[in-house]
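Peer 1: model.cif is reproduced below (mmCIF, C-alpha atoms).
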data_data
loop_
_atom_site.label_atom_id
_atom_site.label_comp_id
_atom_site.auth_asym_id
_atom_site.auth_seq_id
_atom_site.Cartn_x
_atom_site.Cartn_y
_atom_site.Cartn_z
CA MET A 1 139.19 98.86 93.98
CA THR A 2 141.29 96.39 95.98
CA SER A 3 138.90 95.39 98.75
CA GLY A 4 137.10 92.58 96.91
CA ASN A 5 133.77 94.16 97.81
CA GLU A 6 130.99 93.58 95.29
CA ILE A 7 127.27 94.24 94.91
CA VAL A 8 125.39 92.12 92.37
CA TYR A 9 122.02 93.31 91.07
CA TYR A 10 119.63 90.62 89.78
CA ASP A 11 117.96 92.26 86.82
CA PHE A 12 114.36 91.02 86.85
CA ASN A 13 112.09 93.92 87.72
CA GLU A 14 110.74 96.89 85.79
CA LEU A 15 113.27 99.64 85.33
CA ASN A 16 110.75 102.24 86.48
CA TYR A 17 111.14 100.82 89.97
CA SER A 18 114.88 100.15 89.99
CA SER A 19 116.59 102.81 87.84
CA PHE A 20 116.74 105.42 90.61
CA PHE A 21 118.45 103.04 93.01
CA LEU A 22 120.71 101.56 90.32
CA THR A 23 121.90 105.09 89.57
CA GLY A 24 122.67 105.55 93.24
CA PHE A 25 124.67 102.33 93.48
CA LEU A 26 126.67 103.24 90.39
CA HIS A 27 127.43 106.71 91.79
CA ASN A 28 128.61 105.37 95.16
CA THR A 29 131.14 102.75 94.03
CA LYS A 30 134.23 104.82 94.81
CA ARG A 31 133.03 106.24 98.09
CA PHE A 32 132.08 102.82 99.51
CA ASP A 33 134.75 100.87 97.59
CA TYR A 34 132.86 98.11 95.78
CA ARG A 35 132.35 96.73 92.30
CA PHE A 36 128.79 96.83 90.93
CA THR A 37 127.71 94.08 88.54
CA VAL A 38 124.45 93.11 86.83
CA SER A 39 123.22 89.51 86.62
CA LYS A 40 120.28 88.17 84.63
CA ASP A 41 120.46 84.70 86.20
CA VAL A 42 118.10 83.36 88.86
CA PRO A 43 119.85 83.72 92.24
CA SER A 44 120.20 80.61 94.38
CA LEU A 45 118.22 82.41 97.06
CA LEU A 46 115.10 82.05 94.90
CA GLU A 47 115.57 78.51 93.65
CA ASP A 48 114.15 77.05 96.87
CA PRO A 49 110.85 75.27 96.11
CA ALA A 50 109.41 76.87 99.23
CA THR A 51 109.10 80.13 97.29
CA ASP A 52 106.41 78.35 95.26
CA GLY A 53 107.24 80.35 92.15
CA ARG A 54 106.41 83.62 93.86
CA TRP A 55 109.86 85.02 93.05
CA ARG A 56 108.32 86.18 89.74
CA ALA A 57 106.78 89.04 91.69
CA LEU A 58 110.30 90.45 91.65
CA LEU A 59 109.80 91.30 88.00
CA PHE A 60 107.60 94.17 89.03
CA SER A 61 108.82 96.37 91.86
CA ILE A 62 111.42 94.72 94.09
CA CYS A 63 115.17 95.07 93.50
CA LEU A 64 117.22 92.11 94.75
CA PHE A 65 120.96 92.21 95.41
CA LYS A 66 123.78 90.03 96.71
CA ALA A 67 126.53 91.82 98.59
CA ARG A 68 130.08 90.91 99.54
CA LEU A 69 131.10 93.71 101.87
CA GLY A 70 133.72 93.75 104.59
CA GLY A 71 134.18 89.99 104.49
CA ARG A 72 130.43 89.25 104.77
CA GLU A 73 128.17 87.83 102.06
CA PHE A 74 124.42 88.37 102.23
CA HIS A 75 121.32 89.28 100.20
CA PHE A 76 119.26 92.42 100.54
CA CYS A 77 116.40 94.00 98.63
CA ILE A 78 114.67 97.32 98.06
CA ASP A 79 110.89 96.97 97.97
CA ALA A 80 109.14 99.73 96.00
CA ARG A 81 105.63 98.25 96.24
CA ASP A 82 102.75 100.59 96.95
CA SER A 83 101.30 99.07 100.11
CA CYS A 84 102.87 99.25 103.56
CA GLU A 85 101.01 96.09 104.64
CA SER A 86 101.39 92.41 103.81
CA ALA A 87 97.66 91.60 103.48
CA ARG A 88 96.53 90.82 99.93
CA ASP A 89 93.36 92.88 100.29
CA ARG A 90 95.59 95.89 101.08
CA GLY A 91 97.89 95.45 98.11
CA GLY A 92 100.19 92.68 99.32
CA GLY A 93 102.99 95.13 100.01
CA TYR A 94 105.63 92.60 101.08
CA HIS A 95 107.19 89.54 99.41
CA LEU A 96 107.04 87.29 102.49
CA PRO A 97 109.22 84.39 101.21
CA LEU A 98 111.90 86.90 100.32
CA LEU A 99 111.56 88.71 103.64
CA GLU A 100 112.44 85.43 105.38
CA ARG A 101 115.65 85.01 103.35
CA VAL A 102 117.31 88.41 103.02
CA ALA A 103 119.47 90.02 105.68
CA TYR A 104 118.04 93.50 105.01
CA TYR A 105 114.65 94.42 103.53
CA PHE A 106 114.58 98.11 102.60
CA LYS A 107 111.05 99.43 102.15
CA VAL A 108 110.13 102.66 100.34
CA ASN A 109 106.63 102.71 101.83
CA TYR A 110 107.91 101.98 105.30
CA ASN A 111 105.35 102.30 108.08
CA ALA A 112 106.48 101.29 111.57
CA ASP A 113 102.92 101.11 112.92
CA ALA A 114 101.83 98.80 110.09
CA ILE A 115 104.79 96.50 110.77
CA GLU A 116 104.10 96.41 114.50
CA ARG A 117 100.44 95.38 114.10
CA ASP A 118 101.01 92.84 111.30
CA PRO A 119 101.75 89.28 112.58
CA ASN A 120 103.45 88.46 109.26
CA LEU A 121 105.86 91.37 109.59
CA ARG A 122 106.41 91.79 113.33
CA PRO A 123 108.98 88.95 113.63
CA PHE A 124 111.15 90.78 111.07
CA ILE A 125 110.81 94.26 112.56
CA ASP A 126 114.62 94.68 112.86
CA ARG A 127 115.18 93.48 109.29
CA ILE A 128 112.77 95.94 107.63
CA LEU A 129 114.34 99.37 107.10
CA PRO A 130 113.17 102.59 105.42
CA ALA A 131 114.30 103.65 101.94
CA ARG A 132 113.76 107.06 100.41
CA PRO A 133 111.17 107.77 97.69
CA PHE A 134 112.17 107.54 94.04
CA PHE A 135 111.13 108.15 90.45
CA PRO A 136 112.31 106.76 87.10
CA VAL A 137 115.59 108.13 85.76
CA ALA A 138 118.00 106.95 83.07
CA PRO A 139 120.80 105.01 84.80
CA PRO A 140 124.38 105.56 83.65
CA GLY A 141 125.82 102.83 81.47
CA ARG A 142 122.42 101.83 80.15
CA GLY A 143 123.95 99.02 78.07
CA ALA A 144 124.25 96.91 81.23
CA PHE A 145 120.47 96.98 81.57
CA LEU A 146 119.56 95.84 78.09
CA PRO A 147 117.18 92.86 78.25
CA ARG A 148 117.88 89.33 77.19
CA PHE A 149 117.41 89.13 73.44
CA LEU A 150 116.04 85.58 73.58
CA PRO A 151 113.02 84.54 75.68
CA CYS A 152 114.03 82.77 78.89
CA ARG A 153 111.43 81.17 81.12
CA THR A 154 113.68 80.63 84.10
CA THR A 155 114.41 84.35 84.48
CA GLY A 156 111.03 85.65 83.32
CA TRP A 157 112.42 87.43 80.25
CA GLY A 158 109.85 87.10 77.45
CA ARG A 159 108.83 89.25 74.51
CA ARG A 160 106.65 91.49 76.64
CA GLN A 161 109.34 92.07 79.27
CA THR A 162 111.94 92.70 76.58
CA ALA A 163 109.78 95.28 74.79
CA ARG A 164 109.00 96.98 78.09
CA ARG A 165 112.68 97.23 79.00
CA PHE A 166 113.58 98.90 75.69
CA LYS A 167 110.70 101.34 76.17
CA ASP A 168 111.76 102.19 79.72
CA LEU A 169 115.39 102.70 78.68
CA LEU A 170 114.33 105.13 75.96
CA ARG A 171 111.71 107.13 77.87
CA ALA A 172 113.41 107.74 81.22
CA PRO A 173 115.04 111.19 81.57
CA ARG A 174 118.52 111.74 82.92
CA LEU A 175 118.50 113.13 86.45
CA GLU A 176 120.53 116.17 85.42
CA ASP A 177 117.93 116.98 82.74
CA VAL A 178 115.16 116.89 85.34
CA VAL A 179 117.07 119.16 87.71
CA ARG A 180 117.87 121.54 84.84
CA LEU A 181 114.12 122.16 84.42
CA ARG A 182 114.15 124.17 87.66
CA GLY A 183 115.29 127.25 85.82
CA GLY A 184 112.54 127.26 83.20
CA SER A 185 109.78 129.80 82.73
CA LYS A 186 106.45 129.45 84.55
CA ASP A 187 103.54 129.46 82.12
CA LEU A 188 101.04 127.65 84.37
CA ASP A 189 99.70 128.20 87.85
CA LEU A 190 98.61 124.59 88.43
CA PHE A 191 99.35 121.35 86.58
CA PHE A 192 97.46 118.34 87.90
CA VAL A 193 97.45 115.43 85.43
CA MET A 194 96.98 111.94 86.83
CA MET A 195 96.40 108.37 85.69
CA TYR A 196 92.96 106.78 85.96
CA TYR A 197 92.92 103.32 87.56
CA PRO A 198 90.03 101.06 86.47
CA GLU A 199 90.29 98.53 89.32
CA PRO A 200 87.42 98.85 91.86
CA VAL A 201 89.87 98.87 94.79
CA HIS A 202 91.32 102.15 93.48
CA ALA A 203 87.99 103.94 93.14
CA PRO A 204 88.60 106.17 96.24
CA HIS A 205 91.86 107.44 94.73
CA ASN A 206 90.18 108.23 91.40
CA GLU A 207 87.47 110.10 93.28
CA ILE A 208 89.96 112.24 95.22
CA ARG A 209 91.73 113.16 91.99
CA TYR A 210 88.44 113.97 90.30
CA ARG A 211 87.39 116.24 93.15
CA VAL A 212 90.72 118.11 92.97
CA MET A 213 90.22 118.61 89.21
CA ARG A 214 86.70 119.92 89.79
CA GLU A 215 87.93 122.40 92.37
CA ILE A 216 90.68 123.64 90.05
CA ARG A 217 88.15 124.17 87.26
CA LYS A 218 86.03 126.34 89.56
CA VAL A 219 88.84 128.83 90.16
CA PRO A 220 88.66 131.85 87.83
CA ASP A 221 91.64 133.66 86.37
CA ILE A 222 94.31 131.00 86.76
CA ALA A 223 96.22 129.11 84.07
CA SER A 224 95.87 125.39 84.71
CA ILE A 225 95.87 121.93 83.16
CA ALA A 226 93.95 119.29 85.11
CA GLY A 227 92.80 115.90 83.93
CA PHE A 228 93.12 112.13 83.67
CA ALA A 229 95.70 111.08 81.07
CA ALA A 230 93.97 108.32 79.08
CA ARG A 231 93.56 107.28 75.44
CA ASP A 232 90.31 105.35 75.87
CA PRO A 233 87.00 106.78 77.11
CA LEU A 234 86.56 106.83 80.88
CA PRO A 235 83.41 106.08 82.87
CA GLN A 236 81.29 108.98 83.99
CA PRO A 237 81.81 111.41 85.57
CA TYR A 238 85.55 111.19 84.85
CA GLU A 239 85.29 111.38 81.05
CA GLU A 240 84.94 115.16 81.07
CA PHE A 241 88.48 115.40 82.43
CA ARG A 242 90.12 112.98 80.01
CA ILE A 243 93.13 114.46 78.19
CA PRO A 244 95.75 112.91 75.87
CA PRO A 245 98.68 111.27 77.68
CA PHE A 246 102.05 113.04 77.80
CA ARG A 247 105.40 111.46 77.11
CA LEU A 248 107.34 111.36 80.37
CA LYS A 249 109.87 114.04 79.45
CA ALA A 250 107.12 116.35 78.19
CA TYR A 251 105.12 115.63 81.34
CA LEU A 252 108.02 116.69 83.56
CA SER A 253 108.56 119.80 81.47
CA ARG A 254 104.91 120.83 81.90
CA MET A 255 105.08 120.05 85.60
CA ALA A 256 108.18 122.24 85.94
CA GLY A 257 106.29 125.06 84.20
CA ALA A 258 103.77 125.29 87.06
CA ARG A 259 104.16 127.70 89.93
CA ILE A 260 103.07 125.15 92.52
CA GLY A 261 102.72 121.35 92.71
CA ILE A 262 99.60 119.64 94.03
CA TYR A 263 100.34 116.34 95.73
CA VAL A 264 97.92 113.48 96.43
CA ARG A 265 98.87 110.08 97.79
CA GLY A 266 99.39 107.17 95.44
CA LEU A 267 97.60 103.81 95.39
CA TYR A 268 97.19 102.18 98.78
CA ASP A 269 98.22 105.58 100.21
CA CYS A 270 101.77 105.06 98.95
CA ILE A 271 104.37 107.76 98.38
CA SER A 272 103.82 108.85 94.79
CA PHE A 273 106.53 109.43 92.17
CA LYS A 274 105.29 113.03 92.23
CA LEU A 275 106.80 113.80 95.62
CA PRO A 276 110.49 113.41 94.73
CA GLN A 277 109.80 114.80 91.24
CA PHE A 278 108.38 117.99 92.78
CA LEU A 279 111.45 118.23 95.03
CA ALA A 280 113.85 117.67 92.13
CA LEU A 281 112.09 120.42 90.17
CA GLY A 282 112.26 122.81 93.12
CA LEU A 283 108.49 123.29 93.22
CA PRO A 284 106.57 124.48 96.27
CA ILE A 285 103.92 121.91 97.19
CA VAL A 286 100.42 121.78 98.64
CA GLY A 287 99.00 118.36 99.31
CA GLN A 288 97.87 115.48 101.44
CA PRO A 289 99.71 114.25 104.53
CA ILE A 290 102.17 111.41 103.97
CA PRO A 291 101.43 108.36 106.16
CA ASN A 292 104.55 106.32 105.26
CA ASN A 293 108.18 106.96 106.13
CA ARG A 294 107.17 110.00 108.15
CA ARG A 295 110.37 110.22 110.21
CA VAL A 296 112.50 110.43 107.08
CA LEU A 297 110.20 112.88 105.29
CA TYR A 298 108.82 115.24 107.93
CA ASP A 299 112.31 115.88 109.23
CA ASN A 300 112.68 118.27 106.28
CA GLU A 301 112.03 121.99 106.51
CA PHE A 302 108.47 123.10 105.65
CA PHE A 303 107.19 119.58 104.92
CA ASP A 304 104.72 119.85 107.79
CA GLU A 305 103.08 122.91 106.25
CA GLN A 306 103.15 121.63 102.67
CA PHE A 307 101.77 118.12 103.24
CA ALA A 308 98.91 119.02 105.54
CA PHE A 309 95.61 119.17 103.61
CA ASP A 310 93.45 116.08 103.15
CA ASP A 311 90.28 117.40 101.53
CA PRO A 312 90.38 118.46 97.84
CA VAL A 313 88.58 121.71 98.64
CA ASP A 314 91.23 122.61 101.23
CA ILE A 315 94.08 121.57 98.92
CA VAL A 316 92.97 123.79 96.03
CA ARG A 317 91.96 126.68 98.28
CA GLU A 318 95.41 126.64 99.92
CA ALA A 319 97.16 126.38 96.55
CA VAL A 320 95.28 129.42 95.24
CA ARG A 321 96.05 131.36 98.40
CA ARG A 322 99.75 130.62 98.06
CA LEU A 323 99.74 131.66 94.43
CA ARG A 324 99.13 135.18 95.76
CA GLU A 325 102.29 134.95 97.92
CA PRO A 326 105.22 134.83 95.48
CA GLU A 327 107.88 135.35 98.16
CA ARG A 328 106.57 132.42 100.19
CA LEU A 329 106.42 130.25 97.07
CA ALA A 330 110.02 131.10 96.26
CA ARG A 331 111.11 130.23 99.80
CA LEU A 332 109.32 126.86 99.74
CA GLY A 333 110.63 126.01 96.28
CA GLU A 334 114.21 126.82 97.22
CA SER A 335 113.90 124.75 100.40
CA ASN A 336 112.52 121.75 98.49
CA ALA A 337 115.30 121.94 95.90
CA ARG A 338 117.85 122.08 98.72
CA ALA A 339 116.28 119.06 100.41
CA PHE A 340 116.43 117.08 97.17
CA ASP A 341 120.07 117.94 96.46
CA ARG A 342 121.14 117.01 99.98
CA LYS A 343 118.97 114.01 100.83
CA PHE A 344 116.81 112.77 97.94
CA THR A 345 119.15 112.26 94.98
CA PRO A 346 119.88 108.64 93.98
CA GLU A 347 123.38 109.00 95.38
CA ALA A 348 122.14 110.29 98.73
CA ALA A 349 119.32 107.74 99.01
CA VAL A 350 121.61 104.78 98.27
CA SER A 351 124.36 106.20 100.49
CA GLU A 352 121.97 105.77 103.43
CA ILE A 353 121.38 102.15 102.43
CA LEU A 354 125.10 101.44 102.02
CA THR A 355 125.88 103.04 105.37
CA ARG A 356 123.49 100.62 107.02
CA LEU A 357 124.92 97.65 105.10
CA THR A 358 128.50 98.50 106.12
CA GLU A 359 127.87 99.41 109.77
#
Written as structure tokens, that's how I'd like the structure from this file.
Peer 2:
Amino acid sequence: MTSGNEIVYYDFNELNYSSFFLTGFLHNTKRFDYRFTVSKDVPSLLEDPATDGRWRALLFSICLFKARLGGREFHFCIDARDSCESARDRGGGYHLPLLERVAYYFKVNYNADAIERDPNLRPFIDRILPARPFFPVAPPGRGAFLPRFLPCRTTGWGRRQTARRFKDLLRAPRLEDVVRLRGGSKDLDLFFVMMYYPEPVHAPHNEIRYRVMREIRKVPDIASIAGFAARDPLPQPYEEFRIPPFRLKAYLSRMAGARIGIYVRGLYDCISFKLPQFLALGLPIVGQPIPNNRRVLYDNEFFDEQFAFDDPVDIVREAVRRLREPERLARLGESNARAFDRKFTPEAAVSEILTRLTE
């Protein structure tokens, strides 16, 4: 590399929310001619007192970068938060002090209508751009993402964050191992295992999941696993569906062993990890419509007929009907695998971001 181009990643957030994109940046260095480096220091962008300490929210689900590309120097971020709105009672889906300071604010749960009607977001409508959905993967060169070994208040690295980083580095599967699961045997018809969220604001999502599980249980003569993955007892009526949690790699293996994937929206109607995981595994899908990033997603073949069923009764009924149509299932699965390989890999997702940065 002779251009002097560089992208610096500020390593504060949880790897679950950054590893997919980090993998993409590492895979695109030669094509876009830049050096990729990792920094654990606080960037000057966030030292301004006006941020009022709110930069610590970056530790969770926002990836922050500094770029030197084509003679320009600027900051950009990728926001993987659940909500598409800025209001706190709707999840606080934007880091507003950061939005004011970066040149580009890529948003996974991008929703043009939500931006247009939000007075906090509307002034930055040209700065907010869509990013593709993601899921945790093991980034190459994992040594660069080891945590600080000593607690450091200024960067947010403490014992808890350090332990979490080691755990995430060990549990995340390599992308090629996920894709390899496509060729495995199918020993289940339906696999629908979800987390239970105890916060009152998430009660509607728990209820939708519970109703899907109930409908699956009603269906005779199918092989299925449906339940809430939890170690501790759950409140009624959800306790009857409590099952032991899976390790992530075992979870993906069981998911790949199903003949069809059932998709429900994530918290605050976000795009769930399940969507790109289903695509990577080449599974046909039946599920709820996707409200965010619709232009990017519904441009793909068969998405309109797969993500089209809101009510749990309709979702399970349609899944059972499609289980009786093996040729159609094969066609949908092959199309989804093709879509992932062409548009939804880390390399493809970050290539779109880099194209915008270098225009």
Peer 1: Using CA of Met195 (chain A) and CA of Ala308 (chain A) as the two end points, give the distance in Å to one decimal.
Peer 2: 22.7 Å
Peer 1: When distances are computed from all atoms listed in the file, which of A:Ala319, A:Leu99, A:Ala226, A:Ala138 shows the smallest separation from Pro123 (chain A)?
Peer 2: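 Result for the nearest residue to Pro123 (chain A): A:Leu99.
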Peer 1: One number please: CA of Gly24 (chain A) to CA of Leu281 (chain A), in Å, one decimal.
Peer 2: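 Between CA of Gly24 (chain A) and CA of Leu281 (chain A) the gap is 18.5 Å.
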Peer 1: So how far away is CA of Gly227 (chain A) from CA of Asn16 (chain A), in Å?
Peer 2: 22.7 Å
Peer 1: List the residues matched by the PyMOL selection byres ((chain A and resi 185) around 10) in the displayed structure as a PyMOL selection string, ordered by chain and then by residue number.
Peer 2: chain A and resi 181-184+186-188+256-259
Peer 1: Would you write out those residues with C-alpha atoms, as a PDB file, keeping the file's coordinate frame?
Peer 2:
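Contents of the output file out_25.pdb:
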ATOM      1  CA  LEU A 181     114.120 122.160  84.420  1.00  0.00           C
ATOM      2  CA  ARG A 182     114.150 124.170  87.660  1.00  0.00           C
ATOM      3  CA  GLY A 183     115.290 127.250  85.820  1.00  0.00           C
ATOM      4  CA  GLY A 184     112.540 127.260  83.200  1.00  0.00           C
ATOM      5  CA  LYS A 186     106.450 129.450  84.550  1.00  0.00           C
ATOM      6  CA  ASP A 187     103.540 129.460  82.120  1.00  0.00           C
ATOM      7  CA  LEU A 188     101.040 127.650  84.370  1.00  0.00           C
ATOM      8  CA  ALA A 256     108.180 122.240  85.940  1.00  0.00           C
ATOM      9  CA  GLY A 257     106.290 125.060  84.200  1.00  0.00           C
ATOM     10  CA  ALA A 258     103.770 125.290  87.060  1.00  0.00           C
ATOM     11  CA  ARG A 259     104.160 127.700  89.930  1.00  0.00           C
TER      12      ARG A 259
END
Peer 1: Compile the contact shell of Ile125 (chain A) as a list in words: residues with an atom at most 9 Å away, counting all atoms listed in the file, same-chain residues fewer than 6 positions apart removed.
Peer 2: Ala112, Ile115 and Glu116 of chain A
Peer 1: Generate a file of the selected residues that holds C-alpha atoms, formatted as a CSV table (one decimal), keeping the file's coordinate frame.
Peer 2:
chain,number,residue,atom,x,y,z
A,112,ALA,CA,106.5,101.3,111.6
A,115,ILE,CA,104.8,96.5,110.8
A,116,GLU,CA,104.1,96.4,114.5
Peer 1: From the set A:Phe60, A:Phe32, A:Phe65, A:Tyr110, which residue has the shortest atom-to-atom contact distance to Tyr9 (chain A), counting only C-alpha atoms?
Peer 2: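 Ranking A:Phe60, A:Phe32, A:Phe65, A:Tyr110 by distance to Tyr9 (chain A), first place goes to A:Phe65.
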Peer 1: Which residue is closest to Ala337 (chain A)? Choose from A:Pro284, A:Pro147, A:Pro204, A:Pro312 and count all atoms listed in the file.
Peer 2: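 The shortest atom-to-atom distance to Ala337 (chain A) comes from A:Pro284.
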Peer 1: Each residue of region 48-146 of chain A with at least one atom at most 12 Å from region 287-304 of chain A should appear once, together with its nearest atom pair and the corresponding distance in Å (one decimal); atoms considered: only C-alpha atoms; ordering: chain, then increasing residue number; output as a tab-separated table.
Peer 2:
residue	atom	partner	partner_atom	distance
A:Asp82	CA	A:Asn292	CA	10.3
A:Ser83	CA	A:Asn292	CA	9.5
A:Cys84	CA	A:Asn292	CA	7.5
A:Glu85	CA	A:Asn292	CA	10.8
A:Phe106	CA	A:Asn293	CA	11.5
A:Lys107	CA	A:Asn293	CA	9.0
A:Val108	CA	A:Asn293	CA	7.5
A:Asn109	CA	A:Asn292	CA	5.4
A:Tyr110	CA	A:Asn293	CA	5.1
A:Asn111	CA	A:Asn292	CA	5.0
A:Ala112	CA	A:Asn293	CA	8.0
A:Asp113	CA	A:Asn292	CA	9.4
A:Ala114	CA	A:Asn292	CA	9.3
A:Ile115	CA	A:Asn292	CA	11.3
A:Leu129	CA	A:Asn293	CA	9.8
A:Pro130	CA	A:Asn293	CA	6.7
A:Ala131	CA	A:Asn293	CA	8.1
A:Arg132	CA	A:Val296	CA	7.6
A:Pro133	CA	A:Asn293	CA	9.0
Peer 1: On this file, the PyMOL selection byres ((chain A and resi 3) around 10) gives some set of residues; write that set as number ranges by chain.
Peer 2: A: 1-2, 4-6, 33-35, 68-71
Peer 1: Which residues, written as a PyMOL selection string, have at least one atom at most 8 Å from Pro276 (chain A), with all atoms listed in the file counted and residues fewer than 5 positions away on the same chain left out?
Peer 2: chain A and resi 133-135+340+344
Peer 1: To verify the selection step, state as a list in words which residues the PyMOL selection byres ((chain A and resi 238-251) around 7) yields on this input.
Peer 2: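 Here the PyMOL selection byres ((chain A and resi 238-251) around 7) matches Arg171, Pro173, Tyr210, Gly227, Phe228, Ala229, Ala230, Arg231, Pro233, Leu234, Pro235, Gln236, Pro237, Leu252, Ser253, Arg254 and Met255 of chain A.
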Peer 1: Restricting the calculation to all atoms listed in the file, which member of A:Ile353, A:Val201, A:Val42, A:Ile260 is positioned closest to Ser224 (chain A)?
Peer 2: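 Smallest distance to Ser224 (chain A) is found for A:Ile260.
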Peer 1: Check the smallest atom-to-atom distance from each of A:Thr358, A:Val212, A:Gln277, A:Asn206 to Glu318 (chain A) using only C-alpha atoms, then report the winner.
Peer 2: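 Smallest separation from Glu318 (chain A) among the options: A:Val212.
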Peer 1: Point out the residue among A:Met194, A:Phe278, A:Asp189, A:Leu15 with the least atom-to-atom distance to Pro326 (chain A), counting only C-alpha atoms.
Peer 2: A:Asp189
Peer 1: Could region 311-325 of chain A be completed with N, CA and C atoms and written as a PDB file, keeping the file's coordinate frame, please?
Peer 2:
ATOM      1  N   ASP A 311      91.467 117.233 102.364  1.00  0.00           N
ATOM      2  CA  ASP A 311      90.280 117.400 101.530  1.00  0.00           C
ATOM      3  C   ASP A 311      90.616 118.174 100.247  1.00  0.00           C
ATOM      4  N   PRO A 312      90.108 117.743  99.089  1.00  0.00           N
ATOM      5  CA  PRO A 312      90.380 118.460  97.840  1.00  0.00           C
ATOM      6  C   PRO A 312      90.027 119.935  97.874  1.00  0.00           C
ATOM      7  N   VAL A 313      88.949 120.286  98.535  1.00  0.00           N
ATOM      8  CA  VAL A 313      88.580 121.710  98.640  1.00  0.00           C
ATOM      9  C   VAL A 313      89.679 122.483  99.352  1.00  0.00           C
ATOM     10  N   ASP A 314      90.171 121.929 100.467  1.00  0.00           N
ATOM     11  CA  ASP A 314      91.230 122.610 101.230  1.00  0.00           C
ATOM     12  C   ASP A 314      92.528 122.669 100.435  1.00  0.00           C
ATOM     13  N   ILE A 315      92.842 121.606  99.699  1.00  0.00           N
ATOM     14  CA  ILE A 315      94.080 121.570  98.920  1.00  0.00           C
ATOM     15  C   ILE A 315      94.087 122.689  97.876  1.00  0.00           C
ATOM     16  N   VAL A 316      93.007 122.793  97.103  1.00  0.00           N
ATOM     17  CA  VAL A 316      92.970 123.790  96.030  1.00  0.00           C
ATOM     18  C   VAL A 316      92.860 125.200  96.605  1.00  0.00           C
ATOM     19  N   ARG A 317      92.084 125.351  97.655  1.00  0.00           N
ATOM     20  CA  ARG A 317      91.960 126.680  98.280  1.00  0.00           C
ATOM     21  C   ARG A 317      93.318 127.166  98.769  1.00  0.00           C
ATOM     22  N   GLU A 318      94.085 126.260  99.421  1.00  0.00           N
ATOM     23  CA  GLU A 318      95.410 126.640  99.920  1.00  0.00           C
ATOM     24  C   GLU A 318      96.368 126.923  98.767  1.00  0.00           C
ATOM     25  N   ALA A 319      96.300 126.134  97.696  1.00  0.00           N
ATOM     26  CA  ALA A 319      97.160 126.380  96.550  1.00  0.00           C
ATOM     27  C   ALA A 319      96.898 127.745  95.946  1.00  0.00           C
ATOM     28  N   VAL A 320      95.626 128.111  95.801  1.00  0.00           N
ATOM     29  CA  VAL A 320      95.280 129.420  95.240  1.00  0.00           C
ATOM     30  C   VAL A 320      95.745 130.532  96.154  1.00  0.00           C
ATOM     31  N   ARG A 321      95.594 130.325  97.452  1.00  0.00           N
ATOM     32  CA  ARG A 321      96.050 131.360  98.400  1.00  0.00           C
ATOM     33  C   ARG A 321      97.550 131.568  98.280  1.00  0.00           C
ATOM     34  N   ARG A 322      98.297 130.486  98.132  1.00  0.00           N
ATOM     35  CA  ARG A 322      99.750 130.620  98.060  1.00  0.00           C
ATOM     36  C   ARG A 322     100.202 131.209  96.728  1.00  0.00           C
ATOM     37  N   LEU A 323      99.395 131.036  95.697  1.00  0.00           N
ATOM     38  CA  LEU A 323      99.740 131.660  94.430  1.00  0.00           C
ATOM     39  C   LEU A 323      99.795 133.179  94.540  1.00  0.00           C
ATOM     40  N   ARG A 324      99.127 133.722  95.528  1.00  0.00           N
ATOM     41  CA  ARG A 324      99.130 135.180  95.760  1.00  0.00           C
ATOM     42  C   ARG A 324     100.299 135.604  96.647  1.00  0.00           C
ATOM     43  N   GLU A 325     101.164 134.651  97.025  1.00  0.00           N
ATOM     44  CA  GLU A 325     102.290 134.950  97.920  1.00  0.00           C
ATOM     45  C   GLU A 325     103.602 134.514  97.252  1.00  0.00           C
TER      46      GLU A 325
END
